[in-house]
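The structure under discussion appears below in the form of structure tokens.
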Amino acid sequence: MAVATLIEGVRQAMDEEMARDERVWVLGEDVGKKGGVFLATEGLYAKYGEARVLDTPLAESCIVGVAIGSAINGLVPVAEIQFADFIHPAFDQIVSEAARMRYRSNGDFTCPIVVRAPWGGGVHGGLYHSQSVEAFYAHVPGLKVVMPSTPEDAKGLLKSAIRDPDPVMFFEHKKTYRLIKGEIPEGEYTTPIGPAAIRRQGGKLSCFAWGLMMHYSLEAAEAVAAEGIDVEVVDLRTLKPLDTETIVASVKKTGKAMVVHEDNLTGGFGAEISAVVAEHAFEYLDGPVLRVCAPDVPAMPFNKPQEDAFMPNPAKIAEAMRKLADY
Amino acid sequence: MAVATLIEGVRQAMDEEMARDERVWVLGEDVGKKGGVFLATEGLYAKYGEARVLDTPLAESCIVGVAIGSAINGLVPVAEIQFADFIHPAFDQIVSEAARMRYRSNGDFTCPIVVRAPWGGGVHGGLYHSQSVEAFYAHVPGLKVVMPSTPEDAKGLLKSAIRDPDPVMFFEHKKTYRLIKGEIPEGEYTTPIGPAAIRRQGGKLSCFAWGLMMHYSLEAAEAVAAEGIDVEVVDLRTLKPLDTETIVASVKKTGKAMVVHEDNLTGGFGAEISAVVAEHAFEYLDGPVLRVCAPDVPAMPFNKPQEDAFMPNPAKIAEAMRKLADY
Amino acid sequence: MTLDHDSLGLDSTLRPPWLSSLDRVLRHNQSQVSETVRQAQVRSAGLSEEQLLTMYRQMVLARAIDRRMWVLNRQGKAPFVISGQGHEAAQVGAAAALRPGVDWLVPYYRDLAFCIAMGMTALDFMYSVYARRPDPNSAARQMPSHFGLKRSRIVSASSPVATQIIHAAGIAYASKVRKLDEVAVTCIGEGGTSKGDWHEGLNFAGVHKLPFICIVQDNDYAISVPHRLQMGVDSVARRAEGYGLAGDTVDGGDILAVYAVMKRAVERARSGGGATLVAAKVARFTSHSSDDDQRRYRPQEELESLLRRDPIERFRTLLLDEGLLNEAGDERIQQEATTEVDEAVRTAEAAEPPEADDFTRGVYA
Amino acid sequence: MTLDHDSLGLDSTLRPPWLSSLDRVLRHNQSQVSETVRQAQVRSAGLSEEQLLTMYRQMVLARAIDRRMWVLNRQGKAPFVISGQGHEAAQVGAAAALRPGVDWLVPYYRDLAFCIAMGMTALDFMYSVYARRPDPNSAARQMPSHFGLKRSRIVSASSPVATQIIHAAGIAYASKVRKLDEVAVTCIGEGGTSKGDWHEGLNFAGVHKLPFICIVQDNDYAISVPHRLQMGVDSVARRAEGYGLAGDTVDGGDILAVYAVMKRAVERARSGGGATLVAAKVARFTSHSSDDDQRRYRPQEELESLLRRDPIERFRTLLLDEGLLNEAGDERIQQEATTEVDEAVRTAEAAEPPEADDFTRGVYA
Ligand SMILES: Cc1ncc(C[n+]2csc(CCOP(=O)(O)OP(=O)(O)O)c2C)c(N)n1
Ligand SMILES: Cc1ncc(C[n+]2csc(CCOP(=O)(O)OP(=O)(O)O)c2C)c(N)n1
Ligand SMILES: [Mg+2]
Ligand SMILES: [Mg+2]
């Protein structure tokens, strides 16, 4: 097992799948010679050529629409949206088209595409290079939504996504790209889309998170552990399908639940976790279901003091853990 | 007070505001001579002329973008999206632009626009003329989201929306357009954006809803009242800002909560209501927070048996009320 | 075959007196075109007699189905109808240049005649009008005229206008990369060209010189919105050059002209010469759909003038004049179409609706 | 004034030997253009000596600010830099045809020189580079170069490419309806023209013959994506006709040519003649932004050739040859610019950052 960055896991997944299956191709802005603005596709252009590693026009609806069309005609596209913030113009293609192609044609036409996008903040990205977009897509039946938080998962889940017969939204937290390093198993493996992973066992309360916030939650859990608060941290990994079984089982055990996300509070996907808990684990609940989220402002500011103030962080999370433990 | 349909309330609001303030104008597909596909703008073209009642090209992003631009230059646009299903191409203009113009310019540029769209099903509309889209927008800071369910509110809230200094998404349930009749007060009035309305007082459980489902919930409440289950039905009217005070106060009183919506379950706005209850009314809760929603399929089918199966209805709602009351 | 006057939105009680005599006027006008011109047209088209008659049959069948839909709608059996009447020559002329089952059709809701010409049967379609379980388009999940037929490479269509244009570009890109000799044809109304997706799809096709053809069926209206409020130019084909596409504006009522334009476009596509944008000027005979009433926004003279633009009548006259068809043969074709439609209606009506609970199936694989 | 070689992405340790002599080559080449041609250019432009020198000063100031940003970036004081170097003639030439405070600029991120010419000061901008509280663009909420200045009618810009085009169309529609004598000008890169919003905005402007001008600053690259993968046509101005717009392709390195094109476009707009699409061919001197390294995708010869396309050097030579400027005067202009930038940097650096908690303010009125 070699230690690698999260983005290296992403890169390897595409490289291996392209080598394995010549129907797989990559498209997006700057994915070619430049290797992507984060270098997720570095080396692929040289290895597989322009037709399979295509720099598209600057048009996100086109990127997704071409991916859909190419999938209808036998290819397996991996579309990169340069920043999740710029996925909005493709909303219609994703929601009206990709998510419904199978359903509306009663299975005659399908849409095995992957849409990758770097999301999340804490990188001086300002209002338009920092956003969380998972809530929009996790709401849409027909899509799968995957949010890896470790290099191993990034690789294994992306390989699963590429092989998945349905459209998969694959969101990579850009701050974790190089910040998060971890072991990537040697050789061929995939990680199934669906199951959550319990990253830290604990008995006092359950904390659900994904992406960078999963790491911050782990940090916070360590901090409060010293105070005798034993937190279970669940990395959801996949928001759609959501592993409600693991969520409910964890709350049954701990009796308390909180969700952490970087997206703003109202209507964020944390609400869904809360709702699942409030409906299906109600009788085990010993306290309110807390959400630690960004406030309801349109996105995080560029200037550092305000960016810091916007982001949930280990300190804020630990505070909520204490509050919940004390309830 | 005259009894009128809900769509008549909508029409009157635009007519009166256009008469009152010449900066107000209406734009959208077929809003002109035809008066809109549902006739919400009937008569306005003849009265105010083409420049103020403009048939736009078939381009939703253009409709919203032109509205934004015209607002920057002193007009007060009311943009009609023909069906909420077709609002998706304007997602970027709404989320990235309208919602953030004030915030990103520190108040120097603002966006006093209204985007109206008919939503909801039960009208043989099939996959693309039946959708609920409120969850997408109620999640977005910078927007207001209004969902009237009575003729009086449709008129009063739309007038408030037109006068609001910020972008308002105004969603009208198309099945209620002519189905729901009610009194519209004579003379000038507005209904404030924000406060929910308790449509039926009750002590046994709280049921939160909007649009057509509000009426179905009232029906269901009457049905179970005969069985001694006294339901409080809260018409949220505005999802953003959300009247959490009324929600929490109602649950404090009844100890039990459920949400009904037509949108599919996962990540629907019902999750937010559940989450608010699970966090802020936890100590008063005597039962799980239930959600009665459409299942997680991409949208409602065209054929009647399946459309009926998709839609929540008074019977399904009553069943949930009984279950919750029995808990 | 006469026009369906009712479908002009003029219901029988309101039908104005001028309508009764218009068919005669129409036939008269058309026979004034010189015979030599017509014969030259037919010869130069490079279509066999059999092909020409097949095309005529397809148009007649499509019209017969279409008219029947409106009847079913008035009978309360078809809750929603959207029509292709007036567009048939543009569609069947285009289809004649394609290879069904090889080339792709990425259609829009007026493409009934196109789909028929590519292999859809009256029954396939009637199942969807009746929202019956065997509907091959969508298992009755979608409204009728949201076409999709795998065996004929007719790609499943949604309602949002213009999304399909990019799918066609993606299909064509795959054909090119996979070195498959296929052409992707996609249709849209002139209103749909205002959408961003139309632009993005055409631009992509231009960049990669794809085997892609976009046919804009320009009927002057997008529901009620007239051409002048839709675009600042007389024909969208003028946009072709700006994308590096070939462009043609064609009289979409002239089936042979459409065929000629499409034949060139298909040759261009298959020889690597790149994509083509065709603007076919057509007439929308009916209201936009069964939910619309075009008398609200189209002047009466305009509605009247439509009757002189029936592409089927025009082709019929040509075939009669050419001696490729006689009245008896025509009668037979009409009769066959009626029979096929009658049978389709009978079978569809008798078929089961979808199982209520089945609607949660097939969201994922 | 010399080019900022570092900003070519060639950092000093890697700077190849050829760079040292290029300035001379450049100056030599440009002085070979015949004097009479130049004088004719200047006269026919219809700009006063004062106006010409003002334009020169604006370019010099913009360049000085821009170069300083890169220095601040290397010093770790400016986390993000995106540049307008090489685009200045297109921007300042365009601005010269406008009335600041009356006409609207709906800008994109390379429009530093444009904004300067419309009334933004070096300090206004430096506040945003330093993300300081008094930043009039966005109170440091946005990244630098997301311009916005109410007093100069520079409309707040976001990051998503092309959304602004429709805003400009909406502004122009309001001007027309309100009968205000205003022109809305909006800028974008050639990459941005691939987006649906660009199309939708231009189409709307064409339908209503709006007082609208779209300037495409075509620098051959969208980050790393070359022109040939962006569009199937040499110049986007070829798309003008398809929208019912006037179209012009202009050498964006030639400030007087840009001015002439824009003057006509503004006259057209103000006289009700409709909208114009201008494609200005420019050179992108720097990497896309401080996060990019253009050596990864641009060949070295191409980077070298850029140095011969400096629009400021070109205008300077013209002014010198015309006798409108002498070396001493030029020196003074350069010096003034440096001083202004120095002062702006000093003041901005000393200013307070925004209050942390203040970020929840102003989401709604
Ligand atoms: C994105 C989107 N917006 C609006 C609609 C509603 N709608 C359906 S058809 C139509 C008009 C289409 O006109 P055109 O493209 O000219 O085609 P035609 O119907 O005339 O053949 C409209 C506005 C839609 N289906 N999709
Ligand atoms: C919708 C959207 N997609 C992607 C990006 C990321 N991005 C920023 S600038 C840029 C390239 C723009 O190229 P061009 O339009 O040619 O302008 P230039 O930078 O060359 O002046 C890209 C892809 C974005 N800002 N917005
Ligand atoms: Mg049309
Ligand atoms: Mg560029």
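So you can find residues: chains in the structure tokens are A, B, ... in the order shown, residues in each start at 1, and ligands are numbered from 1 in order.
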
Residues near Ala257 of chain A, anyone? I mean within 12 Å using only C-alpha atoms, not counting same-chain ones fewer than 2 positions away, as a PDB file with N, CA and C atoms, in the first residue's frame.
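In the end it all went to result.pdb:
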```pdb
ATOM      1  N   GLY A 202     -17.831   5.000  18.697  1.00  0.00           N
ATOM      2  CA  GLY A 202     -18.056   5.781  19.915  1.00  0.00           C
ATOM      3  C   GLY A 202     -19.437   5.489  20.460  1.00  0.00           C
ATOM      4  N   GLY A 203     -19.642   5.781  21.730  1.00  0.00           N
ATOM      5  CA  GLY A 203     -20.899   5.400  22.341  1.00  0.00           C
ATOM      6  C   GLY A 203     -21.770   6.560  22.778  1.00  0.00           C
ATOM      7  N   LYS A 204     -21.198   7.767  22.795  1.00  0.00           N
ATOM      8  CA  LYS A 204     -21.895   8.882  23.417  1.00  0.00           C
ATOM      9  C   LYS A 204     -22.821   9.607  22.447  1.00  0.00           C
ATOM     10  N   LEU A 205     -22.334   9.766  21.253  1.00  0.00           N
ATOM     11  CA  LEU A 205     -23.175  10.430  20.249  1.00  0.00           C
ATOM     12  C   LEU A 205     -22.669  10.087  18.862  1.00  0.00           C
ATOM     13  N   SER A 206     -23.572  10.254  17.887  1.00  0.00           N
ATOM     14  CA  SER A 206     -23.223   9.950  16.492  1.00  0.00           C
ATOM     15  C   SER A 206     -23.058  11.243  15.716  1.00  0.00           C
ATOM     16  N   CYS A 207     -21.978  11.324  14.984  1.00  0.00           N
ATOM     17  CA  CYS A 207     -21.727  12.509  14.166  1.00  0.00           C
ATOM     18  C   CYS A 207     -21.605  12.067  12.710  1.00  0.00           C
ATOM     19  N   PHE A 208     -22.477  12.633  11.881  1.00  0.00           N
ATOM     20  CA  PHE A 208     -22.491  12.264  10.461  1.00  0.00           C
ATOM     21  C   PHE A 208     -21.885  13.383   9.622  1.00  0.00           C
ATOM     22  N   ALA A 209     -21.011  13.008   8.700  1.00  0.00           N
ATOM     23  CA  ALA A 209     -20.352  14.033   7.900  1.00  0.00           C
ATOM     24  C   ALA A 209     -19.823  13.425   6.612  1.00  0.00           C
ATOM     25  N   VAL A 231     -17.253   9.958  20.790  1.00  0.00           N
ATOM     26  CA  VAL A 231     -18.088  10.235  19.609  1.00  0.00           C
ATOM     27  C   VAL A 231     -17.902   9.179  18.524  1.00  0.00           C
ATOM     28  N   GLU A 232     -18.995   8.774  17.944  1.00  0.00           N
ATOM     29  CA  GLU A 232     -18.928   7.908  16.767  1.00  0.00           C
ATOM     30  C   GLU A 232     -19.005   8.804  15.531  1.00  0.00           C
ATOM     31  N   VAL A 233     -17.996   8.693  14.663  1.00  0.00           N
ATOM     32  CA  VAL A 233     -17.992   9.525  13.454  1.00  0.00           C
ATOM     33  C   VAL A 233     -18.289   8.640  12.246  1.00  0.00           C
ATOM     34  N   VAL A 234     -19.373   8.984  11.578  1.00  0.00           N
ATOM     35  CA  VAL A 234     -19.783   8.197  10.408  1.00  0.00           C
ATOM     36  C   VAL A 234     -19.541   9.007   9.141  1.00  0.00           C
ATOM     37  N   ILE A 247     -27.007   4.725   9.632  1.00  0.00           N
ATOM     38  CA  ILE A 247     -27.346   5.931  10.399  1.00  0.00           C
ATOM     39  C   ILE A 247     -28.223   5.562  11.593  1.00  0.00           C
ATOM     40  N   VAL A 248     -29.278   4.829  11.304  1.00  0.00           N
ATOM     41  CA  VAL A 248     -30.224   4.483  12.369  1.00  0.00           C
ATOM     42  C   VAL A 248     -29.552   3.581  13.409  1.00  0.00           C
ATOM     43  N   ALA A 249     -28.757   2.625  12.931  1.00  0.00           N
ATOM     44  CA  ALA A 249     -28.083   1.720  13.866  1.00  0.00           C
ATOM     45  C   ALA A 249     -27.164   2.492  14.802  1.00  0.00           C
ATOM     46  N   SER A 250     -26.467   3.462  14.261  1.00  0.00           N
ATOM     47  CA  SER A 250     -25.545   4.242  15.084  1.00  0.00           C
ATOM     48  C   SER A 250     -26.313   5.035  16.150  1.00  0.00           C
ATOM     49  N   VAL A 251     -27.423   5.650  15.746  1.00  0.00           N
ATOM     50  CA  VAL A 251     -28.197   6.443  16.699  1.00  0.00           C
ATOM     51  C   VAL A 251     -28.854   5.540  17.752  1.00  0.00           C
ATOM     52  N   LYS A 252     -29.251   4.345  17.316  1.00  0.00           N
ATOM     53  CA  LYS A 252     -29.780   3.394  18.297  1.00  0.00           C
ATOM     54  C   LYS A 252     -28.761   3.146  19.386  1.00  0.00           C
ATOM     55  N   LYS A 253     -27.517   3.072  18.967  1.00  0.00           N
ATOM     56  CA  LYS A 253     -26.446   2.790  19.914  1.00  0.00           C
ATOM     57  C   LYS A 253     -26.161   3.989  20.820  1.00  0.00           C
ATOM     58  N   THR A 254     -26.060   5.163  20.219  1.00  0.00           N
ATOM     59  CA  THR A 254     -25.590   6.330  20.982  1.00  0.00           C
ATOM     60  C   THR A 254     -26.726   7.168  21.567  1.00  0.00           C
ATOM     61  N   GLY A 255     -27.895   7.169  20.917  1.00  0.00           N
ATOM     62  CA  GLY A 255     -29.014   7.967  21.419  1.00  0.00           C
ATOM     63  C   GLY A 255     -28.943   9.441  21.068  1.00  0.00           C
ATOM     64  N   VAL A 259     -25.210  16.329  12.668  1.00  0.00           N
ATOM     65  CA  VAL A 259     -24.713  16.310  11.291  1.00  0.00           C
ATOM     66  C   VAL A 259     -23.838  17.533  11.103  1.00  0.00           C
ATOM     67  N   VAL A 260     -22.785  17.356  10.349  1.00  0.00           N
ATOM     68  CA  VAL A 260     -21.912  18.493  10.059  1.00  0.00           C
ATOM     69  C   VAL A 260     -21.816  18.647   8.550  1.00  0.00           C
ATOM     70  N   GLY A 270     -28.003  17.931   5.428  1.00  0.00           N
ATOM     71  CA  GLY A 270     -28.095  17.594   6.844  1.00  0.00           C
ATOM     72  C   GLY A 270     -29.531  17.479   7.308  1.00  0.00           C
ATOM     73  N   ILE A 273     -30.698  13.983   6.879  1.00  0.00           N
ATOM     74  CA  ILE A 273     -30.185  13.078   7.915  1.00  0.00           C
ATOM     75  C   ILE A 273     -31.005  13.270   9.197  1.00  0.00           C
ATOM     76  N   SER A 274     -31.210  14.523   9.560  1.00  0.00           N
ATOM     77  CA  SER A 274     -32.037  14.823  10.744  1.00  0.00           C
ATOM     78  C   SER A 274     -33.402  14.185  10.614  1.00  0.00           C
ATOM     79  N   ALA A 275     -33.997  14.349   9.440  1.00  0.00           N
ATOM     80  CA  ALA A 275     -35.360  13.844   9.237  1.00  0.00           C
ATOM     81  C   ALA A 275     -35.396  12.325   9.337  1.00  0.00           C
ATOM     82  N   VAL A 276     -34.391  11.678   8.785  1.00  0.00           N
ATOM     83  CA  VAL A 276     -34.326  10.211   8.868  1.00  0.00           C
ATOM     84  C   VAL A 276     -34.230   9.798  10.330  1.00  0.00           C
ATOM     85  N   VAL A 277     -33.385  10.469  11.064  1.00  0.00           N
ATOM     86  CA  VAL A 277     -33.223  10.156  12.478  1.00  0.00           C
ATOM     87  C   VAL A 277     -34.523  10.446  13.235  1.00  0.00           C
ATOM     88  N   ALA A 278     -35.121  11.603  12.965  1.00  0.00           N
ATOM     89  CA  ALA A 278     -36.328  12.002  13.700  1.00  0.00           C
ATOM     90  C   ALA A 278     -37.509  11.093  13.399  1.00  0.00           C
ATOM     91  N   ALA A 281     -35.402   6.831  14.092  1.00  0.00           N
ATOM     92  CA  ALA A 281     -34.679   6.504  15.316  1.00  0.00           C
ATOM     93  C   ALA A 281     -35.240   7.292  16.490  1.00  0.00           C
ATOM     94  N   PHE A 282     -36.466   7.809  16.293  1.00  0.00           N
ATOM     95  CA  PHE A 282     -37.035   8.681  17.317  1.00  0.00           C
ATOM     96  C   PHE A 282     -37.038   8.048  18.704  1.00  0.00           C
ATOM     97  N   TYR A 284     -35.162   6.096  20.116  1.00  0.00           N
ATOM     98  CA  TYR A 284     -33.850   5.941  20.755  1.00  0.00           C
ATOM     99  C   TYR A 284     -33.198   7.275  21.064  1.00  0.00           C
ATOM    100  N   LEU A 285     -33.833   8.334  20.639  1.00  0.00           N
ATOM    101  CA  LEU A 285     -33.204   9.659  20.742  1.00  0.00           C
ATOM    102  C   LEU A 285     -33.251  10.216  22.164  1.00  0.00           C
ATOM    103  N   ASP A 286     -32.076  10.636  22.625  1.00  0.00           N
ATOM    104  CA  ASP A 286     -31.991  11.260  23.953  1.00  0.00           C
ATOM    105  C   ASP A 286     -31.666  12.745  23.888  1.00  0.00           C
ATOM    106  N   GLY A 287     -31.773  13.298  22.708  1.00  0.00           N
ATOM    107  CA  GLY A 287     -31.458  14.721  22.622  1.00  0.00           C
ATOM    108  C   GLY A 287     -31.824  15.239  21.254  1.00  0.00           C
ATOM    109  N   PRO A 288     -31.828  16.522  21.107  1.00  0.00           N
ATOM    110  CA  PRO A 288     -32.164  17.110  19.806  1.00  0.00           C
ATOM    111  C   PRO A 288     -31.121  16.713  18.767  1.00  0.00           C
ATOM    112  N   VAL A 289     -31.547  16.695  17.525  1.00  0.00           N
ATOM    113  CA  VAL A 289     -30.601  16.410  16.441  1.00  0.00           C
ATOM    114  C   VAL A 289     -29.977  17.737  16.018  1.00  0.00           C
ATOM    115  N   LEU A 290     -28.681  17.838  16.208  1.00  0.00           N
ATOM    116  CA  LEU A 290     -28.009  19.115  15.923  1.00  0.00           C
ATOM    117  C   LEU A 290     -27.427  19.136  14.513  1.00  0.00           C
ATOM    118  N   ARG A 291     -27.378  20.342  13.977  1.00  0.00           N
ATOM    119  CA  ARG A 291     -26.694  20.523  12.691  1.00  0.00           C
ATOM    120  C   ARG A 291     -25.622  21.591  12.838  1.00  0.00           C
ATOM    121  N   VAL A 292     -24.434  21.254  12.464  1.00  0.00           N
ATOM    122  CA  VAL A 292     -23.351  22.247  12.426  1.00  0.00           C
ATOM    123  C   VAL A 292     -23.072  22.519  10.956  1.00  0.00           C
ATOM    124  N   ALA A 320     -20.330  21.831  19.551  1.00  0.00           N
ATOM    125  CA  ALA A 320     -21.641  21.194  19.393  1.00  0.00           C
ATOM    126  C   ALA A 320     -21.639  19.807  20.021  1.00  0.00           C
ATOM    127  N   MET A 321     -20.537  19.109  19.912  1.00  0.00           N
ATOM    128  CA  MET A 321     -20.436  17.775  20.531  1.00  0.00           C
ATOM    129  C   MET A 321     -20.606  17.876  22.048  1.00  0.00           C
ATOM    130  N   LYS A 323     -22.077  20.272  23.683  1.00  0.00           N
ATOM    131  CA  LYS A 323     -23.442  20.699  23.987  1.00  0.00           C
ATOM    132  C   LYS A 323     -24.392  19.502  23.924  1.00  0.00           C
ATOM    133  N   LEU A 324     -24.211  18.702  22.897  1.00  0.00           N
ATOM    134  CA  LEU A 324     -25.100  17.552  22.717  1.00  0.00           C
ATOM    135  C   LEU A 324     -24.844  16.494  23.798  1.00  0.00           C
ATOM    136  N   ALA A 325     -23.571  16.295  24.098  1.00  0.00           N
ATOM    137  CA  ALA A 325     -23.237  15.304  25.136  1.00  0.00           C
ATOM    138  C   ALA A 325     -23.842  15.709  26.481  1.00  0.00           C
ATOM    139  N   TYR A 327     -26.543  17.379  26.982  1.00  0.00           N
ATOM    140  CA  TYR A 327     -28.006  17.511  26.983  1.00  0.00           C
ATOM    141  C   TYR A 327     -28.632  16.476  27.898  1.00  0.00           C
TER     142      TYR A 327
ATOM    143  N   ALA B 275     -36.160  18.658  10.480  1.00  0.00           N
ATOM    144  CA  ALA B 275     -34.914  18.990  11.167  1.00  0.00           C
ATOM    145  C   ALA B 275     -35.114  20.127  12.158  1.00  0.00           C
ATOM    146  N   ALA B 278     -36.881  18.565  15.012  1.00  0.00           N
ATOM    147  CA  ALA B 278     -36.017  17.644  15.764  1.00  0.00           C
ATOM    148  C   ALA B 278     -34.951  18.384  16.557  1.00  0.00           C
ATOM    149  N   GLU B 279     -34.615  19.575  16.126  1.00  0.00           N
ATOM    150  CA  GLU B 279     -33.630  20.334  16.895  1.00  0.00           C
ATOM    151  C   GLU B 279     -34.300  21.269  17.906  1.00  0.00           C
TER     152      GLU B 279
END
```

All residues 12 Å or closer to Gly194 of chain A, only C-alpha atoms, same chain fewer than 4 positions away omitted, as JSON, numbers by chain: {"A": [144, 145, 146, 147, 148, 153, 157, 160, 161, 164, 168, 235, 236, 237, 238, 239, 240, 241, 242, 243, 244, 245, 246]}

Would you save the residues from that selection as a compact mmCIF listing (two decimals), in the first residue's frame, using C-alpha atoms?
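Below is the file that was written, result.txt:
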```txt
# COMPACT_ATOMS: atom_id res chain seq x y z
CA LYS A 144 -26.37 8.77 -7.34
CA VAL A 145 -24.30 11.19 -5.31
CA VAL A 146 -20.89 10.18 -4.06
CA MET A 147 -18.63 12.28 -1.82
CA PRO A 148 -15.40 10.50 -0.97
CA ASP A 153 -12.41 5.76 -1.31
CA LEU A 157 -15.70 4.82 -5.48
CA SER A 160 -17.46 1.98 -9.13
CA ALA A 161 -19.03 5.14 -10.47
CA ASP A 164 -22.21 2.06 -12.67
CA VAL A 168 -23.27 9.30 -10.77
CA ASP A 235 -18.45 9.06 6.97
CA LEU A 236 -21.51 8.88 4.77
CA ARG A 237 -19.45 8.68 1.55
CA THR A 238 -22.59 8.30 -0.53
CA LEU A 239 -25.55 10.62 -0.03
CA LYS A 240 -27.66 8.93 -2.64
CA PRO A 241 -28.35 6.09 -2.05
CA LEU A 242 -28.19 7.02 1.62
CA ASP A 243 -27.14 4.35 4.08
CA THR A 244 -30.06 4.90 6.45
CA GLU A 245 -29.42 1.53 8.05
CA THR A 246 -26.02 2.54 9.34
```

8 Å contacts from chain C to chain B using only C-alpha atoms, as a PyMOL selection string: chain C and resi 79+131-132+140-143+158-160+191-196+222-225+229-231+292+296-297+353-360+363

Taking only C-alpha atoms and all ligand atoms and a cut-off of 6 Å, can you tell me which residues surround ligand 3, written as a compact mmCIF listing (two decimals) with N, CA and C atoms, in the first residue's frame?
```
# COMPACT_ATOMS: atom_id res chain seq x y z
N GLY C 189 -38.13 23.12 -33.03
CA GLY C 189 -38.85 24.23 -33.62
C GLY C 189 -38.00 25.48 -33.65
N GLU C 190 -38.46 26.49 -34.35
CA GLU C 190 -37.64 27.72 -34.42
C GLU C 190 -37.58 28.38 -33.04
N GLY C 191 -38.60 28.20 -32.24
CA GLY C 191 -38.55 28.76 -30.89
C GLY C 191 -37.41 28.14 -30.09
N ASP C 218 -39.40 25.43 -38.84
CA ASP C 218 -39.79 26.81 -38.52
C ASP C 218 -41.22 27.05 -38.98
N ASN C 219 -42.11 27.04 -38.02
CA ASN C 219 -43.54 27.24 -38.34
C ASN C 219 -44.03 28.60 -37.87
N ASP C 220 -43.10 29.50 -37.67
CA ASP C 220 -43.41 30.90 -37.37
C ASP C 220 -43.93 31.17 -35.97
N TYR C 221 -44.24 30.15 -35.23
CA TYR C 221 -44.76 30.35 -33.88
C TYR C 221 -44.12 29.40 -32.88
N ALA C 222 -43.92 29.89 -31.71
CA ALA C 222 -43.61 29.05 -30.56
C ALA C 222 -44.81 29.24 -29.63
```

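Restricting the calculation to only C-alpha atoms and all ligand atoms, the smallest distance between ligand 2 and any of B:Ser96, B:Asp15, B:Gln131, B:Phe109 is found for B:Ser96.
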
Shortest interatomic distance to ligand 1 - which of B:Met101, B:Ala117, B:Val78, B:Leu212, counting only C-alpha atoms and all ligand atoms: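 With only C-alpha atoms and all ligand atoms as the atom set, the closest residue is B:Ala117.
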
Interface, chain C side, toward chain D (12 Å; only C-alpha atoms) as a ChimeraX atom specification: /C:162-163,166,191-210,226-247,274-275

Ala351 of chain D surroundings by only C-alpha atoms, 8 Å radius, close-in-sequence under 5 positions cut, as number ranges by chain: D: 127, 132-134

For C-alpha atoms, I'd like the residues from the last selection saved as an mmCIF file, in the first residue's frame.
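The file below, out_9.cif, is the result:
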```
data_model
loop_
_atom_site.group_PDB
_atom_site.id
_atom_site.type_symbol
_atom_site.label_atom_id
_atom_site.label_comp_id
_atom_site.auth_asym_id
_atom_site.auth_seq_id
_atom_site.Cartn_x
_atom_site.Cartn_y
_atom_site.Cartn_z
ATOM 1 C CA TYR D 127 -8.530 47.357 -1.869
ATOM 2 C CA ARG D 132 -9.783 45.123 2.469
ATOM 3 C CA ARG D 133 -12.931 46.498 3.999
ATOM 4 C CA PRO D 134 -13.245 49.666 1.871
#
```

Segment 151-241 of chain D: residues DSSP assigns to strand (DSSP E or B), reported as a list in words: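 For segment 151-241 of chain D, the strand (DSSP E or B) set is Ile154, Ala184, Val185, Thr186, Cys187, Ile188, Gly189, Phe212, Ile213, Cys214, Ile215, Val216, Gln217, Asp218, Tyr221, Ala222, Val225 and Pro226 of chain D.
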
Segment 88-291 of chain B: residues DSSP assigns to alpha helix (DSSP H), reported as an NGL selection string: :B and (91-92 or 101-104 or 134-138 or 151-163 or 176-179 or 212-225 or 244-254 or 269-280)

Test item: residues at most 12 Å from Ala45 of chain D, only C-alpha atoms, excluding those fewer than 3 positions along its chain, as number ranges by chain: D: 38-42, 48-49, 51-52, 93, 96-97, 254-264

Residue contacts of Gly84 of chain C (12 Å, only C-alpha atoms) excluding same-chain residues fewer than 5 positions away, as a ChimeraX atom specification: /C:7,59-67,69-70,89-92,108-116,145,189,217,219,282-289,310-311
